[in-house]
Amino acid sequence: MNETLADPDTPFAVLDRSRLERNVGRLAEHLDALGVPLRLHVKTAKSVEVAAVVFGGGTGPITVSTLAEAEQFADAGYDDLVYPVGIVASKLPRVLALLRRGVRLAVVLDSAEQAQVVAAASEEAGVRIPVLVEIDCDGHRAGLEPDDPAVLDVGRLVASGAELRGVLSHAGGSYHATSAEEIGRAADEERDAVVRAAERLRADGHPCPVVSVGSTPTAFAATDLTGVTEVRAGTYVFFDTVMHGLGNQEHGILSILPGGDAPLPDLPVGTRLRILPHHACAAASQHRAYEVVDGTATIEATWPRSGGW
Ligand SMILES: Cc1ncc(COP(=O)(O)O)c(C=O)c1O
C-alpha cells in the first residue's frame, strides 16, 4: 500500500503533481502565445522527472547551474544545454568532455580575458566551444552593457577561436520589483538589452543566432519578445513565497489566508505542518527526493534529485 503524507519522518519535500503541471502549463501557454520556446532552468528542481513533465516525456533545451547538472542531464539524454555561470579555465575540461560526447553545451562570459581563455582552449582542443556573451540589462548582476564597445571586442575574440553563438541576459533586478508595472518594465529592458547587443554583433559580421532572456518574473510578464529566440525560467515549476511577494528569512510563518477571520490555531508540539517554501531552489536543495502527491495525502512516487557540483 502507498504511504501517505503522515508516514515519512519530517522534514520532507512534498511535490504536488497537478500544481506542477499547472505551473508548467501556464508558462508554456504564455510562451506559445509569444512564439518563443522555453529553455528550462533545471537548477530549481534538479530532477529529470520534473523536466520530463515540462517536456511532455521528451527532452528539450535546458539551462544548468553546475556542470554536475549538465553531466546528469546529459546522461538522461539532454543534448542542448547552456551553462550561464561566468566561465573559468578550470571548468573547460569538463565542458570539452561534454562537447566531445555530442552534447551541445554553450558557456557564458563577459570579459576579454575569458574570451581569450575559451578561444585558446578551443584551438588547443580542436573543438569550437559555443559561447554566449552575457549582457547586463539592469546593472544588478553580471554582463556588459549592450552599447559597451567591449561587446564587439569580446565578440571578435570569441569568434577568433571559439563559436560565438549569441547573447544572454538575466533580469535579476526583477526579483526586487514591487509592482506588475515594474516587472513588465524589467521584461522590456531584458529584451531590449540583448536584442540591441545582438544587432551590434550582427552588424560586426557575427550571425549571433541565439538571443536568450529569462527569469520567472520576466518570463510571465513579457508581452512582446520580438528578436528573442528563447526564454529561460526555472523557479516557476514550483513557485515559492518570494515569487508570491511574501518571503522573509524565518523558518516558517503561520498566518490566516487573506480574507479569513479565523484565529491562528494553537498547535501542539509535534504537529505536522505543510510549509510553502520561501525560496524554492534553496528549500528543495535540502532534500534528496520529492514525495509526489496529486491533490491527496497519498504518496504516489518518490522522484530523486541530483546534487553536487
Ligand atoms: C542566468 C539565469 N537564467 C535564468 C534563471 C532562471 O530564473 P528563475 O529562477 O527566476 O526562474 C536564473 C536564475 O538564477 C539565472 O541565473
# chains A, B, ... in the order shown; residues from 1 in each chain; ligands from 1
call {"tool": "residues_around", "arguments": {"residues": "stretch 14-31 of chain A", "least_positions_apart": "3", "cutoff": "8 Å", "atoms": "only C-alpha atoms", "output": "ChimeraX atom specification"}}
result
/A:34-38,53-54,219-220,236-239,290-295
call {"tool": "write_last_selection", "arguments": {"atoms": "N, CA, C and O atoms", "output": "compact mmCIF listing (two decimals), in the first residue's frame"}}
result
# COMPACT_ATOMS: atom_id res chain seq x y z
N LEU A 34 3.48 33.96 -27.33
CA LEU A 34 4.50 34.93 -27.74
C LEU A 34 5.41 34.36 -28.85
O LEU A 34 6.25 35.06 -29.40
N GLY A 35 5.27 33.05 -29.10
CA GLY A 35 6.03 32.42 -30.18
C GLY A 35 7.50 32.21 -29.88
O GLY A 35 8.33 32.21 -30.79
N VAL A 36 7.84 32.03 -28.59
CA VAL A 36 9.25 31.84 -28.22
C VAL A 36 9.38 30.57 -27.37
O VAL A 36 8.61 30.39 -26.43
N PRO A 37 10.34 29.71 -27.68
CA PRO A 37 10.48 28.46 -26.91
C PRO A 37 11.12 28.68 -25.54
O PRO A 37 11.85 29.65 -25.32
N LEU A 38 10.84 27.72 -24.65
CA LEU A 38 11.40 27.73 -23.29
C LEU A 38 12.73 27.00 -23.28
O LEU A 38 12.88 25.96 -23.91
N VAL A 53 8.16 16.25 -17.09
CA VAL A 53 6.81 16.84 -17.08
C VAL A 53 6.80 18.08 -17.98
O VAL A 53 5.90 18.29 -18.78
N VAL A 54 7.86 18.90 -17.86
CA VAL A 54 7.93 20.13 -18.66
C VAL A 54 7.97 19.79 -20.16
O VAL A 54 7.32 20.45 -20.97
N ALA A 219 9.62 36.22 -17.43
CA ALA A 219 9.05 35.27 -18.40
C ALA A 219 7.53 35.42 -18.43
O ALA A 219 6.92 35.42 -19.50
N PHE A 220 6.92 35.55 -17.25
CA PHE A 220 5.46 35.68 -17.20
C PHE A 220 5.01 37.08 -17.59
O PHE A 220 3.91 37.26 -18.11
N TYR A 236 9.66 28.82 -11.60
CA TYR A 236 8.22 28.76 -11.86
C TYR A 236 7.66 27.34 -11.75
O TYR A 236 6.45 27.18 -11.58
N VAL A 237 8.50 26.31 -11.90
CA VAL A 237 7.93 24.95 -11.83
C VAL A 237 7.33 24.69 -10.45
O VAL A 237 6.36 23.95 -10.32
N PHE A 238 7.93 25.31 -9.43
CA PHE A 238 7.40 25.14 -8.07
C PHE A 238 6.70 26.41 -7.56
O PHE A 238 5.79 26.34 -6.78
N PHE A 239 7.22 27.57 -7.97
CA PHE A 239 6.89 28.85 -7.34
C PHE A 239 7.25 28.79 -5.86
O PHE A 239 7.61 27.74 -5.32
N TYR A 290 11.77 14.10 -3.87
CA TYR A 290 10.44 14.68 -3.67
C TYR A 290 9.46 13.54 -3.41
O TYR A 290 9.49 12.52 -4.11
N GLU A 291 8.57 13.70 -2.43
CA GLU A 291 7.46 12.77 -2.25
C GLU A 291 6.31 13.35 -3.08
O GLU A 291 5.82 14.45 -2.80
N VAL A 292 5.91 12.63 -4.11
CA VAL A 292 4.98 13.19 -5.09
C VAL A 292 3.54 12.79 -4.75
O VAL A 292 3.23 11.60 -4.61
N VAL A 293 2.70 13.79 -4.58
CA VAL A 293 1.27 13.56 -4.34
C VAL A 293 0.50 14.18 -5.49
O VAL A 293 1.07 14.87 -6.33
N ASP A 294 -0.80 13.92 -5.54
CA ASP A 294 -1.60 14.53 -6.60
C ASP A 294 -2.93 15.00 -6.02
O ASP A 294 -3.97 14.40 -6.26
N GLY A 295 -2.85 16.03 -5.20
CA GLY A 295 -4.06 16.61 -4.63
C GLY A 295 -4.60 15.85 -3.42
O GLY A 295 -5.57 16.29 -2.80
call {"tool": "residues_near_ligand", "arguments": {"ligand": "ligand 1", "cutoff": "6 Å", "atoms": "only C-alpha atoms and all ligand atoms", "output": "PyMOL selection string"}}
result
chain A and resi 41+84+170+214-216+232-236
call {"tool": "select_by_dssp", "arguments": {"residues": "stretch 236-294 of chain A", "states": "strand (DSSP E or B)", "output": "mmCIF file with N, CA and C atoms, in the first residue's frame"}}
result
data_model
loop_
_atom_site.group_PDB
_atom_site.id
_atom_site.type_symbol
_atom_site.label_atom_id
_atom_site.label_comp_id
_atom_site.auth_asym_id
_atom_site.auth_seq_id
_atom_site.Cartn_x
_atom_site.Cartn_y
_atom_site.Cartn_z
ATOM 1 N N ALA A 289 15.074 13.942 -2.379
ATOM 2 C CA ALA A 289 13.996 13.448 -3.249
ATOM 3 C C ALA A 289 12.725 14.227 -2.957
ATOM 4 N N TYR A 290 11.766 14.096 -3.868
ATOM 5 C CA TYR A 290 10.436 14.676 -3.666
ATOM 6 C C TYR A 290 9.462 13.536 -3.406
ATOM 7 N N GLU A 291 8.574 13.703 -2.434
ATOM 8 C CA GLU A 291 7.457 12.772 -2.246
ATOM 9 C C GLU A 291 6.315 13.350 -3.080
ATOM 10 N N VAL A 292 5.912 12.634 -4.109
ATOM 11 C CA VAL A 292 4.977 13.188 -5.089
ATOM 12 C C VAL A 292 3.543 12.789 -4.746
ATOM 13 N N VAL A 293 2.700 13.789 -4.584
ATOM 14 C CA VAL A 293 1.268 13.556 -4.338
ATOM 15 C C VAL A 293 0.496 14.182 -5.493
#
call {"tool": "closest_residue", "arguments": {"among": "A:Gly143, A:Pro265, A:Gly259, A:Gly205", "to": "A:Val85", "atoms": "only C-alpha atoms"}}
result
A:Gly143
call {"tool": "residues_around", "arguments": {"residues": "A:Ile253", "least_positions_apart": "5", "cutoff": "12 Å", "atoms": "only C-alpha atoms", "output": "PyMOL selection string"}}
result
chain A and resi 241+246-248+264+273-278
call {"tool": "closest_atom_pairs", "arguments": {"of": "stretch 8-118 of chain A", "to": "stretch 153-157 of chain A", "cutoff": "9 Å", "atoms": "only C-alpha atoms", "output": "Markdown table"}}
result
| residue | atom | partner | partner_atom | distance |
| --- | --- | --- | --- | --- |
| A:Leu109 | CA | A:Val154 | CA | 8.9 |
| A:Asp110 | CA | A:Val154 | CA | 7.3 |
| A:Ser111 | CA | A:Val154 | CA | 6.3 |
| A:Ala112 | CA | A:Val154 | CA | 5.1 |
| A:Glu113 | CA | A:Val154 | CA | 8.6 |
| A:Gln114 | CA | A:Val154 | CA | 8.7 |
| A:Ala115 | CA | A:Leu157 | CA | 5.8 |
| A:Gln116 | CA | A:Leu157 | CA | 6.2 |
call {"tool": "write_last_selection", "arguments": {"atoms": "C-alpha atoms", "output": "PDB file, in the first residue's frame"}}
result
ATOM      1  CA  LEU A 109      31.274  35.044 -20.437  1.00  0.00           C
ATOM      2  CA  ASP A 110      31.502  38.817 -20.296  1.00  0.00           C
ATOM      3  CA  SER A 111      35.183  39.772 -20.497  1.00  0.00           C
ATOM      4  CA  ALA A 112      38.087  39.804 -22.931  1.00  0.00           C
ATOM      5  CA  GLU A 113      40.125  37.642 -20.545  1.00  0.00           C
ATOM      6  CA  GLN A 114      37.514  34.887 -20.519  1.00  0.00           C
ATOM      7  CA  ALA A 115      37.092  35.159 -24.298  1.00  0.00           C
ATOM      8  CA  GLN A 116      40.830  34.674 -24.781  1.00  0.00           C
TER       9      GLN A 116
END
call {"tool": "residues_around", "arguments": {"residues": "A:Tyr78", "least_positions_apart": "4", "cutoff": "7 Å", "atoms": "only C-alpha atoms", "output": "JSON, numbers by chain"}}
result
{"A": [59, 60, 73, 74]}
call {"tool": "write_last_selection", "arguments": {"atoms": "C-alpha atoms", "output": "mmCIF file, in the first residue's frame"}}
result
data_model
loop_
_atom_site.group_PDB
_atom_site.id
_atom_site.type_symbol
_atom_site.label_atom_id
_atom_site.label_comp_id
_atom_site.auth_asym_id
_atom_site.auth_seq_id
_atom_site.Cartn_x
_atom_site.Cartn_y
_atom_site.Cartn_z
ATOM 1 C CA THR A 59 13.864 16.188 -23.726
ATOM 2 C CA GLY A 60 14.305 19.855 -24.639
ATOM 3 C CA PHE A 73 21.040 15.650 -17.615
ATOM 4 C CA ALA A 74 23.338 14.667 -20.494
#
call {"tool": "residues_around", "arguments": {"residues": "A:Ala171", "least_positions_apart": "4", "cutoff": "12 Å", "atoms": "only C-alpha atoms", "output": "MDAnalysis selection string"}}
result
chainID A and resid 134:143 175:177 182:194 212:219 221:222 231:233
call {"tool": "select_by_dssp", "arguments": {"residues": "stretch 98-160 of chain A", "states": "helix (DSSP H, G or I)", "output": "ChimeraX atom specification"}}
result
/A:98-100,112-125,150-160
